[in-house]
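Q: Compact mmCIF, C-alpha atoms and all ligand atoms, file final_34.txt:
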```txt
# COMPACT_ATOMS: atom_id res chain seq x y z
CA MET A 1 -110.10 -103.92 63.81
CA THR A 2 -111.27 -100.35 63.28
CA VAL A 3 -113.25 -99.11 60.31
CA ARG A 4 -112.05 -95.82 58.94
CA PHE A 5 -114.49 -93.65 57.03
CA PHE A 6 -113.40 -92.31 53.68
CA GLY A 7 -114.81 -89.90 51.11
CA SER A 8 -115.81 -86.30 51.59
CA ALA A 9 -118.45 -86.02 54.31
CA ALA A 10 -119.34 -88.83 56.69
CA SER A 11 -123.04 -87.95 56.35
CA ALA A 12 -122.93 -88.62 52.62
CA LEU A 13 -121.81 -92.16 53.36
CA PHE A 14 -125.06 -93.19 55.02
CA ARG A 15 -127.28 -94.01 52.11
CA PRO A 16 -130.12 -96.38 52.91
CA ASN A 17 -131.19 -98.54 50.03
CA SER A 18 -133.03 -96.32 47.56
CA THR A 19 -135.90 -98.76 46.89
CA THR A 20 -136.85 -99.70 50.42
CA MET A 21 -135.31 -96.79 52.36
CA SER A 22 -134.43 -99.32 55.03
CA PRO A 23 -130.92 -100.59 55.70
CA THR A 24 -129.71 -103.10 53.14
CA LYS A 25 -129.62 -106.69 54.34
CA VAL A 26 -126.43 -108.60 53.66
CA THR A 27 -126.00 -112.39 53.48
CA ILE A 28 -122.74 -114.27 53.25
CA VAL A 29 -123.32 -117.40 51.17
CA GLY A 30 -120.58 -119.65 52.51
CA SER A 31 -118.75 -120.18 55.77
CA GLY A 32 -115.43 -121.81 54.94
CA ASN A 33 -111.99 -120.41 55.63
CA TRP A 34 -112.43 -117.25 53.52
CA GLY A 35 -116.16 -116.95 54.17
CA SER A 36 -115.48 -116.82 57.90
CA ALA A 37 -112.58 -114.39 57.58
CA ILE A 38 -114.65 -112.01 55.45
CA ALA A 39 -117.48 -112.31 57.99
CA ARG A 40 -115.16 -110.68 60.54
CA ILE A 41 -114.81 -107.67 58.20
CA VAL A 42 -118.43 -107.43 57.08
CA GLY A 43 -119.62 -107.82 60.68
CA GLN A 44 -117.59 -104.71 61.54
CA THR A 45 -118.48 -102.54 58.54
CA THR A 46 -122.21 -103.23 58.70
CA LYS A 47 -122.17 -102.10 62.32
CA ALA A 48 -120.13 -99.02 61.44
CA TYR A 49 -122.56 -98.09 58.63
CA SER A 50 -125.72 -99.28 60.34
CA ASN A 51 -127.88 -96.61 58.65
CA GLU A 52 -126.95 -98.08 55.30
CA PHE A 53 -126.54 -101.80 56.11
CA ASP A 54 -128.61 -103.95 58.44
CA PRO A 55 -126.04 -104.94 61.06
CA THR A 56 -127.52 -108.42 61.42
CA VAL A 57 -125.60 -110.34 58.76
CA ARG A 58 -126.78 -113.85 57.97
CA MET A 59 -124.17 -116.40 57.00
CA TRP A 60 -125.27 -119.55 55.22
CA VAL A 61 -123.61 -122.60 56.75
CA PHE A 62 -123.47 -125.89 54.89
CA GLU A 63 -124.51 -127.85 57.96
CA GLU A 64 -122.24 -130.51 59.34
CA MET A 65 -121.61 -132.13 62.69
CA VAL A 66 -118.40 -131.19 64.47
CA ASN A 67 -117.65 -133.35 67.54
CA GLY A 68 -121.34 -134.18 67.87
CA GLU A 69 -122.59 -130.58 67.56
CA LYS A 70 -124.12 -128.73 64.62
CA LEU A 71 -121.61 -126.26 63.15
CA SER A 72 -124.30 -123.56 62.82
CA GLU A 73 -125.14 -123.90 66.52
CA ILE A 74 -121.49 -123.71 67.52
CA ILE A 75 -121.12 -120.51 65.50
CA ASN A 76 -124.25 -118.96 67.01
CA THR A 77 -123.34 -119.80 70.59
CA ARG A 78 -119.53 -119.59 70.65
CA HIS A 79 -119.09 -117.16 67.75
CA GLU A 80 -116.32 -119.23 66.29
CA ASN A 81 -116.16 -121.38 63.19
CA VAL A 82 -114.23 -124.11 64.96
CA LYS A 83 -113.79 -126.18 61.81
CA TYR A 84 -112.86 -123.66 59.11
CA LEU A 85 -111.40 -120.71 61.03
CA PRO A 86 -110.53 -122.01 64.49
CA GLY A 87 -109.32 -119.60 67.13
CA LYS A 88 -110.90 -116.48 65.61
CA ILE A 89 -113.99 -114.89 67.10
CA LEU A 90 -116.73 -113.83 64.69
CA PRO A 91 -118.66 -110.66 65.51
CA GLU A 92 -121.93 -111.37 67.34
CA ASN A 93 -123.96 -109.79 64.52
CA ILE A 94 -122.94 -112.68 62.24
CA VAL A 95 -125.79 -115.19 62.46
CA ALA A 96 -125.31 -118.68 61.06
CA VAL A 97 -128.31 -120.01 59.11
CA PRO A 98 -128.27 -123.60 57.81
CA ASP A 99 -131.21 -123.12 55.39
CA LEU A 100 -129.85 -121.56 52.20
CA VAL A 101 -133.08 -119.98 50.93
CA GLN A 102 -133.93 -118.62 54.37
CA SER A 103 -130.44 -117.16 54.77
CA CYS A 104 -130.87 -115.10 51.59
CA ASP A 105 -134.53 -114.14 52.04
CA GLY A 106 -134.92 -110.37 51.64
CA SER A 107 -131.18 -109.72 51.32
CA GLU A 108 -130.08 -107.26 48.69
CA ILE A 109 -126.39 -108.02 48.91
CA LEU A 110 -125.36 -111.65 48.61
CA ILE A 111 -121.66 -112.30 49.15
CA PHE A 112 -120.88 -115.59 47.39
CA VAL A 113 -117.86 -117.31 48.92
CA VAL A 114 -117.88 -121.08 48.40
CA PRO A 115 -115.52 -123.45 46.56
CA HIS A 116 -116.51 -123.06 42.92
CA GLN A 117 -117.67 -126.65 42.41
CA PHE A 118 -120.70 -125.90 44.64
CA VAL A 119 -121.90 -122.75 42.85
CA LYS A 120 -124.27 -124.41 40.41
CA GLY A 121 -126.07 -126.40 43.12
CA ILE A 122 -126.44 -123.29 45.27
CA CYS A 123 -127.76 -121.20 42.38
CA LYS A 124 -130.30 -123.88 41.43
CA GLN A 125 -131.67 -123.80 44.98
CA LEU A 126 -131.84 -119.98 44.99
CA GLU A 127 -133.28 -119.58 41.48
CA GLY A 128 -136.40 -117.36 41.62
CA LYS A 129 -136.19 -117.08 45.42
CA ILE A 130 -133.98 -114.06 45.98
CA SER A 131 -135.03 -110.42 46.33
CA PRO A 132 -135.79 -108.71 42.98
CA ASN A 133 -133.26 -106.04 44.09
CA ALA A 134 -130.55 -108.55 44.96
CA HIS A 135 -127.01 -107.98 43.90
CA VAL A 136 -124.22 -110.58 44.18
CA VAL A 137 -120.55 -109.98 45.00
CA SER A 138 -118.55 -113.08 44.17
CA LEU A 139 -115.36 -113.79 46.13
CA ILE A 140 -115.05 -117.15 44.39
CA LYS A 141 -111.80 -117.96 42.62
CA GLY A 142 -112.51 -120.52 39.92
CA VAL A 143 -114.15 -121.03 36.53
CA SER A 144 -116.94 -123.18 35.19
CA VAL A 145 -117.51 -125.09 31.97
CA GLN A 146 -120.36 -124.21 29.59
CA GLU A 147 -123.34 -126.59 29.68
CA ASN A 148 -122.78 -127.69 26.05
CA GLY A 149 -119.11 -128.38 26.83
CA THR A 150 -117.81 -125.86 24.30
CA GLY A 151 -115.78 -123.73 26.61
CA LEU A 152 -115.19 -121.80 29.76
CA LYS A 153 -117.67 -119.77 31.72
CA LEU A 154 -116.92 -117.21 34.40
CA ILE A 155 -118.41 -118.01 37.80
CA SER A 156 -119.92 -114.51 37.81
CA ASP A 157 -121.66 -115.27 34.49
CA GLU A 158 -122.94 -118.57 35.86
CA ILE A 159 -124.43 -116.82 38.91
CA ARG A 160 -125.87 -114.03 36.74
CA GLU A 161 -127.56 -116.52 34.41
CA TYR A 162 -129.23 -118.45 37.23
CA LEU A 163 -130.15 -115.58 39.54
CA LYS A 164 -130.76 -112.85 36.92
CA CYS A 165 -129.13 -110.14 38.98
CA PRO A 166 -126.01 -107.96 38.77
CA VAL A 167 -122.78 -109.66 39.85
CA ASP A 168 -119.54 -107.91 40.80
CA VAL A 169 -116.37 -109.59 42.07
CA LEU A 170 -113.82 -109.12 44.85
CA MET A 171 -110.39 -110.74 44.48
CA GLY A 172 -106.96 -110.02 45.92
CA ALA A 173 -103.87 -111.17 47.80
CA ASN A 174 -105.94 -112.31 50.75
CA LEU A 175 -104.82 -115.50 52.47
CA ALA A 176 -107.73 -115.93 54.87
CA PRO A 177 -105.69 -116.77 58.01
CA GLU A 178 -103.74 -113.51 57.61
CA VAL A 179 -106.87 -111.46 56.97
CA ALA A 180 -108.42 -113.03 60.07
CA ASN A 181 -105.35 -111.90 62.03
CA ASP A 182 -106.03 -108.31 60.88
CA MET A 183 -102.77 -108.20 58.94
CA PHE A 184 -102.63 -105.42 56.36
CA CYS A 185 -103.57 -106.32 52.79
CA GLU A 186 -105.27 -104.99 49.68
CA ALA A 187 -108.12 -106.27 47.51
CA THR A 188 -109.68 -105.37 44.18
CA ILE A 189 -113.37 -105.05 43.42
CA GLY A 190 -114.23 -105.53 39.77
CA CYS A 191 -117.52 -103.86 38.82
CA GLN A 192 -119.38 -103.78 35.54
CA THR A 193 -119.94 -100.07 36.13
CA ARG A 194 -117.98 -98.54 38.98
CA SER A 195 -120.52 -95.81 39.79
CA VAL A 196 -123.46 -98.21 40.24
CA HIS A 197 -122.28 -100.42 43.10
CA GLY A 198 -118.61 -99.51 43.57
CA PRO A 199 -118.94 -96.92 46.37
CA MET A 200 -121.42 -99.03 48.34
CA LEU A 201 -119.30 -102.17 48.02
CA LYS A 202 -116.23 -100.24 49.05
CA ARG A 203 -118.01 -99.19 52.24
CA LEU A 204 -118.97 -102.81 52.88
CA PHE A 205 -115.44 -104.21 52.64
CA HIS A 206 -112.92 -101.39 53.15
CA THR A 207 -111.20 -101.22 56.56
CA ASP A 208 -107.87 -99.99 57.92
CA ASN A 209 -106.29 -103.36 57.22
CA PHE A 210 -108.26 -104.43 54.14
CA ARG A 211 -107.83 -101.71 51.53
CA ILE A 212 -110.09 -101.82 48.50
CA SER A 213 -109.53 -100.49 44.97
CA VAL A 214 -112.45 -100.53 42.56
CA VAL A 215 -111.89 -101.12 38.83
CA GLU A 216 -114.32 -101.61 35.96
CA ASP A 217 -112.39 -104.50 34.40
CA ALA A 218 -114.40 -107.22 36.17
CA HIS A 219 -113.56 -110.08 33.78
CA THR A 220 -109.85 -109.55 34.26
CA VAL A 221 -110.16 -109.29 38.04
CA GLU A 222 -112.06 -112.58 38.16
CA LEU A 223 -109.80 -114.46 35.76
CA CYS A 224 -106.67 -113.34 37.61
CA GLY A 225 -108.19 -114.77 40.80
CA ALA A 226 -109.03 -118.08 39.16
CA LEU A 227 -105.88 -118.63 37.11
CA LYS A 228 -103.35 -117.78 39.82
CA ASN A 229 -104.48 -120.96 41.63
CA VAL A 230 -103.25 -123.01 38.65
CA VAL A 231 -99.88 -121.22 38.74
CA ALA A 232 -99.66 -121.81 42.51
CA CYS A 233 -99.92 -125.56 41.81
CA ALA A 234 -96.88 -125.26 39.53
CA ALA A 235 -95.05 -123.47 42.38
CA GLY A 236 -96.02 -126.31 44.72
CA PHE A 237 -94.66 -128.89 42.27
CA THR A 238 -91.28 -127.16 41.98
CA ASP A 239 -91.12 -126.79 45.78
CA GLY A 240 -91.92 -130.48 46.12
CA LEU A 241 -89.14 -131.34 43.69
CA GLY A 242 -86.71 -129.41 45.89
CA TYR A 243 -86.19 -126.38 43.65
CA GLY A 244 -85.70 -122.91 45.14
CA ASP A 245 -86.90 -119.33 44.94
CA ASN A 246 -85.32 -118.59 41.54
CA THR A 247 -87.35 -121.43 40.05
CA LYS A 248 -90.47 -120.15 41.79
CA ALA A 249 -89.82 -116.69 40.36
CA ALA A 250 -89.71 -118.27 36.89
CA VAL A 251 -93.01 -120.05 37.60
CA ILE A 252 -94.55 -116.74 38.68
CA ARG A 253 -93.21 -114.88 35.64
CA LEU A 254 -94.19 -117.50 33.07
CA GLY A 255 -97.50 -118.02 34.87
CA LEU A 256 -98.24 -114.32 34.67
CA MET A 257 -97.42 -114.35 30.94
CA GLU A 258 -99.94 -117.17 30.44
CA ILE A 259 -102.56 -115.44 32.59
CA THR A 260 -102.31 -112.20 30.58
CA LYS A 261 -102.30 -114.09 27.27
CA PHE A 262 -105.31 -116.18 28.31
CA VAL A 263 -107.32 -113.13 29.40
CA GLU A 264 -106.42 -111.24 26.24
CA HIS A 265 -107.31 -114.18 24.00
CA TYR A 266 -110.65 -115.14 25.54
CA TYR A 267 -111.77 -111.79 26.97
CA PRO A 268 -110.09 -109.16 24.78
CA GLY A 269 -109.98 -105.55 25.91
CA SER A 270 -108.60 -105.92 29.42
CA ASN A 271 -106.63 -103.10 31.02
CA LEU A 272 -102.96 -103.87 31.58
CA SER A 273 -103.15 -101.91 34.85
CA THR A 274 -105.58 -104.51 36.30
CA PHE A 275 -102.77 -107.09 36.38
CA PHE A 276 -100.89 -104.72 38.71
CA GLU A 277 -103.79 -104.52 41.16
CA SER A 278 -103.96 -106.77 44.22
CA CYS A 279 -106.06 -109.26 42.21
CA GLY A 280 -103.18 -109.71 39.74
CA ILE A 281 -99.50 -109.92 40.53
CA ALA A 282 -99.99 -109.57 44.31
CA ASP A 283 -102.38 -112.52 44.61
CA LEU A 284 -100.15 -114.58 42.34
CA ILE A 285 -97.15 -114.00 44.61
CA THR A 286 -98.92 -114.61 47.92
CA THR A 287 -100.59 -117.79 46.69
CA CYS A 288 -97.35 -119.16 45.20
CA TYR A 289 -95.68 -118.71 48.59
CA GLY A 290 -98.37 -119.14 51.23
CA GLY A 291 -101.50 -120.67 49.73
CA ARG A 292 -103.22 -124.02 50.16
CA ASN A 293 -102.79 -124.90 46.47
CA ARG A 294 -99.02 -124.59 46.78
CA LYS A 295 -99.01 -126.62 49.98
CA VAL A 296 -101.15 -129.45 48.61
CA CYS A 297 -99.16 -129.68 45.38
CA GLU A 298 -95.84 -129.76 47.23
CA ALA A 299 -97.15 -132.62 49.39
CA PHE A 300 -98.51 -134.40 46.29
CA VAL A 301 -94.98 -134.56 44.90
CA LYS A 302 -93.33 -135.50 48.19
CA ALA A 303 -95.88 -138.10 49.30
CA GLY A 304 -96.61 -139.57 45.87
CA LYS A 305 -100.30 -139.96 46.82
CA PRO A 306 -103.35 -138.94 44.72
CA MET A 307 -104.24 -135.25 44.92
CA ALA A 308 -107.64 -135.89 46.56
CA GLU A 309 -105.99 -137.91 49.32
CA VAL A 310 -103.35 -135.25 50.03
CA GLU A 311 -106.03 -132.53 50.06
CA LYS A 312 -108.11 -134.48 52.55
CA GLU A 313 -105.14 -135.11 54.83
CA LEU A 314 -103.85 -131.54 54.80
CA LEU A 315 -106.90 -129.29 54.55
CA ASN A 316 -109.50 -130.78 56.93
CA GLY A 317 -112.45 -130.11 54.63
CA GLN A 318 -111.09 -126.96 52.99
CA SER A 319 -110.63 -127.03 49.27
CA ALA A 320 -107.74 -126.37 46.84
CA GLN A 321 -109.25 -124.89 43.69
CA GLY A 322 -106.16 -125.07 41.46
CA PRO A 323 -106.44 -128.71 40.27
CA PRO A 324 -110.13 -128.48 39.18
CA THR A 325 -109.46 -125.05 37.61
CA ALA A 326 -106.54 -126.52 35.65
CA ALA A 327 -108.90 -129.22 34.35
CA GLU A 328 -111.50 -126.63 33.32
CA VAL A 329 -108.87 -124.46 31.61
CA PHE A 330 -107.43 -127.52 29.84
CA HIS A 331 -110.88 -128.37 28.54
CA MET A 332 -111.18 -124.87 27.08
CA LEU A 333 -107.69 -124.95 25.53
CA GLU A 334 -108.38 -128.34 23.98
CA ALA A 335 -111.73 -127.20 22.59
CA THR A 336 -110.09 -124.17 20.98
CA ASN A 337 -106.89 -125.87 19.79
CA LEU A 338 -104.59 -123.79 21.97
CA ILE A 339 -102.87 -126.40 24.10
CA SER A 340 -99.38 -125.58 22.80
CA SER A 341 -99.76 -121.87 23.67
CA PHE A 342 -100.27 -122.46 27.43
CA PRO A 343 -97.74 -125.14 28.41
CA LEU A 344 -97.64 -124.24 32.12
CA PHE A 345 -101.42 -124.49 32.56
CA VAL A 346 -101.43 -127.75 30.59
CA ALA A 347 -98.54 -129.28 32.56
CA VAL A 348 -100.30 -128.51 35.87
CA HIS A 349 -103.40 -130.33 34.64
CA ARG A 350 -101.46 -133.34 33.36
CA ILE A 351 -99.44 -133.65 36.57
CA CYS A 352 -102.60 -133.43 38.71
CA GLN A 353 -104.16 -136.17 36.55
CA GLY A 354 -101.10 -138.41 36.84
CA GLU A 355 -100.55 -138.16 33.06
CA MET A 356 -97.14 -136.51 33.49
CA PRO A 357 -94.55 -136.94 36.25
CA PRO A 358 -94.00 -133.85 38.46
CA SER A 359 -90.51 -133.47 36.93
CA GLY A 360 -92.34 -132.59 33.70
CA MET A 361 -92.94 -129.18 35.31
CA ILE A 362 -89.25 -128.35 34.99
CA ASP A 363 -89.17 -129.49 31.33
CA CYS A 364 -92.19 -127.27 30.74
CA LEU A 365 -90.41 -124.24 32.23
CA ARG A 366 -87.20 -124.99 30.34
CA ASP A 367 -88.92 -125.31 26.96
CA HIS A 368 -91.46 -122.53 27.50
CA PRO A 369 -92.26 -120.58 24.29
CA GLU A 370 -91.43 -117.35 26.15
CA HIS A 371 -87.76 -118.40 25.79
CA GLN A 372 -88.06 -118.63 22.00
CA ALA A 373 -88.63 -114.90 21.57
N1 LIG B 1 -109.22 -119.44 51.98
C1 LIG B 1 -108.60 -118.41 51.41
O1 LIG B 1 -107.51 -117.98 51.85
C2 LIG B 1 -109.22 -117.72 50.25
C3 LIG B 1 -110.18 -118.34 49.48
N2 LIG B 1 -110.73 -117.68 48.39
C4 LIG B 1 -111.74 -118.30 47.57
O2 LIG B 1 -112.97 -118.27 48.26
C5 LIG B 1 -113.79 -119.40 47.89
C6 LIG B 1 -114.25 -120.12 49.13
O3 LIG B 1 -113.12 -120.56 49.83
P1 LIG B 1 -113.15 -120.89 51.39
O4 LIG B 1 -114.10 -120.03 52.13
O5 LIG B 1 -111.71 -120.85 51.81
O6 LIG B 1 -113.73 -122.37 51.43
P2 LIG B 1 -113.03 -123.68 52.02
O7 LIG B 1 -111.89 -124.08 51.16
O8 LIG B 1 -112.78 -123.48 53.47
O9 LIG B 1 -114.15 -124.78 51.74
C7 LIG B 1 -114.92 -125.36 52.68
C8 LIG B 1 -116.34 -124.85 52.56
O10 LIG B 1 -117.07 -125.62 51.60
C9 LIG B 1 -118.30 -125.98 52.18
N3 LIG B 1 -118.88 -127.16 51.56
C10 LIG B 1 -118.47 -128.44 51.65
N4 LIG B 1 -119.29 -129.25 50.95
C11 LIG B 1 -120.24 -128.46 50.40
C12 LIG B 1 -121.35 -128.67 49.56
N5 LIG B 1 -121.66 -129.90 49.12
N6 LIG B 1 -122.09 -127.61 49.18
C13 LIG B 1 -121.78 -126.37 49.59
N7 LIG B 1 -120.74 -126.08 50.39
C14 LIG B 1 -119.96 -127.12 50.78
C15 LIG B 1 -117.95 -126.22 53.62
O11 LIG B 1 -119.12 -126.19 54.40
C16 LIG B 1 -117.05 -125.03 53.90
O12 LIG B 1 -117.81 -123.89 54.21
C17 LIG B 1 -112.91 -120.24 46.95
O13 LIG B 1 -113.23 -119.93 45.62
C18 LIG B 1 -111.49 -119.78 47.25
O14 LIG B 1 -110.62 -119.92 46.14
C19 LIG B 1 -110.36 -116.41 48.07
C20 LIG B 1 -109.44 -115.74 48.85
C21 LIG B 1 -108.79 -116.34 49.97
O1 LIG B 2 -106.81 -116.94 47.12
C1 LIG B 2 -106.06 -117.06 48.06
C2 LIG B 2 -105.20 -115.97 48.54
O2 LIG B 2 -105.54 -114.74 47.95
C3 LIG B 2 -105.96 -118.36 48.76
O3 LIG B 2 -105.22 -119.23 48.00
P1 LIG B 2 -105.26 -120.78 48.35
O4 LIG B 2 -106.63 -121.26 48.02
O5 LIG B 2 -104.17 -121.40 47.52
O6 LIG B 2 -104.96 -120.85 49.82
```
Re-express the file's structure as structure tokens.
Ligand SMILES: NC(=O)C1=CN([C@@H]2O[C@H](COP(=O)(O)OP(=O)(O)OC[C@H]3O[C@@H](n4cnc5c(N)ncnc54)[C@H](O)[C@@H]3O)[C@@H](O)[C@H]2O)C=CC1
Ligand SMILES: O=C(CO)COP(=O)(O)O
A:
Amino acid sequence: MTVRFFGSAASALFRPNSTTMSPTKVTIVGSGNWGSAIARIVGQTTKAYSNEFDPTVRMWVFEEMVNGEKLSEIINTRHENVKYLPGKILPENIVAVPDLVQSCDGSEILIFVVPHQFVKGICKQLEGKISPNAHVVSLIKGVSVQENGTGLKLISDEIREYLKCPVDVLMGANLAPEVANDMFCEATIGCQTRSVHGPMLKRLFHTDNFRISVVEDAHTVELCGALKNVVACAAGFTDGLGYGDNTKAAVIRLGLMEITKFVEHYYPGSNLSTFFESCGIADLITTCYGGRNRKVCEAFVKAGKPMAEVEKELLNGQSAQGPPTAAEVFHMLEATNLISSFPLFVAVHRICQGEMPPSGMIDCLRDHPEHQA
């Protein structure tokens, strides 16, 4: 993979951190399938921009034993995450660190990339222990539930509340195995204010085969990333029932209608153009065809086993975020009396819970309110 410079003059790209005037340290918080694939990119870009970024990138590894060896030690000696991204070499400047606090010590960019159910526990451990200049980029596709149970919370807001630092997001049509094979794709960075961190984050992630667009509509970027996993479950159910591509296209279309409606209702003021970025329609399509959520939900229908069992059998420790996200979204819809407005999201939740047979997905598509107009 080569890193191509962009912008006007290459010299203007090398901007050491303004506070310390030393290269910015980067930590990847997570080392699963996506965490390891993004490490291949960040390992390259930090080396390419070594005046701006410290090329030693620490990667927090949730320690586990793999065939009698510690995963962190395997990564540091063989430069391969044999469990979560087997067969792909990680750059040697990626250093696995099993101690979470130590992995983030002194880092000013923290790339959060863990299944969303672990975010709270990680933030609690890091609370008050990160650099005062730290800045998080969340690659996490999921949502959380407010402490008092009244509604939904963005993962970025959860991180911001615990760590008291700025949080931007990166989402896109980025199946990790394809990214790790250096196959061309695009991604979207959602910033609160583009000019503050946008250019620096673009330098950190942008390569010839991983093309970044930066937008200021961060809420929409994040919600597209989270909600498309729920729609991908619906696509998996229809695949499992033996339906074809026309049905999947209907799932994608109706799913997109619910995504846009949900974003507009709960986070008004989004830009329509954001749904046409990689984080929107592109991620929805790729996940409905090639993602783990689709795969697990198809197998759930075919095998007739509980979702957790199918996930364990098929994903070897990786995680499908669609079913828990559907539950969190359902909770929000119930709390705000909007269940009837989002039948696809609701059907996914009910099927995952065993409260509705998978065939209910087809009834849901057939009777969708979009057909009443
Ligand atoms: N895999 C993919 O293709 C993509 C994933 N994403 C998103 O990135 C996020 C992370 O996904 P992946 O890296 O694929 O993870 P993954 O699905 O491979 O999950 C496994 C990871 O969870 C860790 N883990 C297990 N138990 C834990 C615990 N108790 N506490 C903390 N960590 C624990 C494991 O050590 C491992 O690193 C998710 O939100 C996902 O939706 C986004 C784009 C692409
Ligand atoms: O987010 C993804 C692709 O962009 C990965 O989707 P899955 O988690 O369904 O594999």
Q: A:Gly106, A:Pro358, A:Gly225, A:Pro369: which is nearest ligand LIG 2 (chain B), counting all atoms listed in the file?
A: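 Smallest separation from ligand LIG 2 (chain B) among the options: A:Gly225.
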Q: Which residue out of A:Gly269, A:Gly30, A:Pro166, A:Gly290 has the minimum interatomic distance to ligand LIG 2 (chain B) when all atoms listed in the file are used?
A: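 Smallest separation from ligand LIG 2 (chain B) among the options: A:Gly290.
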Q: Could you list, with a cut-off of 12 Å and counting only C-alpha atoms, the residues of stretch 197-293 of chain A near stretch 341-355 of chain A, each shown with its nearest atom pair and the distance in Å rounded to one decimal, rows sorted by chain and ascending number, as CSV?
A:
```
residue,atom,partner,partner_atom,distance
A:Ala226,CA,A:Phe345,CA,11.9
A:Leu227,CA,A:Phe345,CA,8.7
A:Lys228,CA,A:Phe345,CA,10.1
A:Asn229,CA,A:Phe345,CA,10.2
A:Val230,CA,A:Phe345,CA,6.5
A:Val231,CA,A:Phe345,CA,7.2
A:Ala232,CA,A:Val348,CA,9.5
A:Cys233,CA,A:Val348,CA,6.6
A:Ala234,CA,A:Val348,CA,6.0
A:Ala235,CA,A:Val348,CA,9.8
A:Gly236,CA,A:Val348,CA,10.1
A:Phe237,CA,A:Val348,CA,8.5
A:Thr238,CA,A:Val348,CA,11.0
A:Ala250,CA,A:Leu344,CA,11.0
A:Val251,CA,A:Leu344,CA,8.3
A:Ile252,CA,A:Leu344,CA,10.4
A:Arg253,CA,A:Leu344,CA,10.9
A:Leu254,CA,A:Leu344,CA,7.6
A:Gly255,CA,A:Leu344,CA,6.8
A:Leu256,CA,A:Leu344,CA,10.3
A:Met257,CA,A:Phe342,CA,9.3
A:Glu258,CA,A:Phe342,CA,6.1
A:Ile259,CA,A:Phe342,CA,9.0
A:Thr260,CA,A:Phe342,CA,10.9
A:Lys261,CA,A:Phe342,CA,8.6
A:Phe262,CA,A:Phe342,CA,8.1
A:Val263,CA,A:Phe342,CA,11.9
A:His265,CA,A:Ser341,CA,10.8
A:Asn293,CA,A:Val348,CA,11.5
```
Q: Set the distance at 7 Å and use only C-alpha atoms: which residues neighbour A:Glu80 once local chain neighbours fewer than 6 positions away are removed? I'd like the list as a PyMOL selection string.
A: chain A and resi 74+86+88-90
Q: Looking at A:Val136, A:Leu71, A:Cys288, A:Ile38, which one is nearest to A:Ser156, with distances taken over only C-alpha atoms?
A: A:Val136
Q: Hey, which residues sit close to ligand LIG 2 (chain B)? Say within 10 Å, counting only C-alpha atoms and all ligand atoms, and write them as a ChimeraX atom specification.
A: /A:33-34,115,139-142,171-179,185-187,225-226,228-233,236,278-280,282-297,315,318-322
Q: Which residue gives the smallest distance to A:Glu264 among A:Ala308, A:Leu110, A:Leu223, A:Val42, with only C-alpha atoms counted?
A: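 Comparing A:Ala308, A:Leu110, A:Leu223, A:Val42 against A:Glu264, the winner is A:Leu223.
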Q: Suppose you want the space between atom CA of A:Leu201 and atom CA of A:Val329; what is it in Å?
A: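 So the two atoms, atom CA of A:Leu201 and atom CA of A:Val329, lie 29.6 Å apart.
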Q: Around all listed atoms of ligand LIG 1 (chain B), padded 5 Å per side, what centre and edge lengths does the axis-aligned box have in Å to one decimal, as lines of an AutoDock Vina configuration file?
A:
```
center_x = -114.8
center_y = -122.8
center_z = 50.0
size_x = 24.6
size_y = 24.2
size_z = 18.8
```
Q: Looking at A:Ala48, A:Val113, A:Leu272, A:Val101, which one is nearest to A:Thr207, with distances taken over all atoms listed in the file?
A: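 Closest candidate: A:Ala48.
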Q: Tell me which residues come within 10 Å of (-109.5, -96.4, 44.2), as a VMD selection string, counting only C-alpha atoms in the file's coordinates.
A: chain A and resid 188 to 189 198 to 199 202 211 to 215
Q: Please return, as a PyMOL selection string, all polymer residues that have at least one atom within 12 Å of the point (-118.7, -130.7, 22.4); use only C-alpha atoms and the file's own coordinate frame.
A: chain A and resi 145-151+331-332+334-336
Q: Which residue out of A:Phe118, A:Glu108, A:Leu85, A:Arg40 has the minimum interatomic distance to ligand LIG 1 (chain B) when all atoms listed in the file are used?
A: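 Nearest to ligand LIG 1 (chain B): A:Phe118.
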Q: Env of A:Ser107: 8 Å cut, atoms = only C-alpha atoms, seq-sep filter 2 positions within chain, self excluded. Answer as a list in words.
A: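 So the residues in contact are Thr24, Lys25, Val26, Thr27, Cys104, Asp105, Ile109, Leu110, Ile130, Ser131 and Ala134 of chain A.
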Q: May I ask for the distance between atom CA of A:Tyr266 and atom CA of A:Asp157, given in Å to one decimal place?
A: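 Atom-to-atom, atom CA of A:Tyr266 and atom CA of A:Asp157 are spaced 14.2 Å apart.
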Q: Just to confirm, what's the straight-line distance from atom O8 of ligand LIG 1 (chain B) to atom CA of A:Tyr84 in Å (one decimal)?
A: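 Going from atom O8 of ligand LIG 1 (chain B) over to atom CA of A:Tyr84 covers 5.6 Å.
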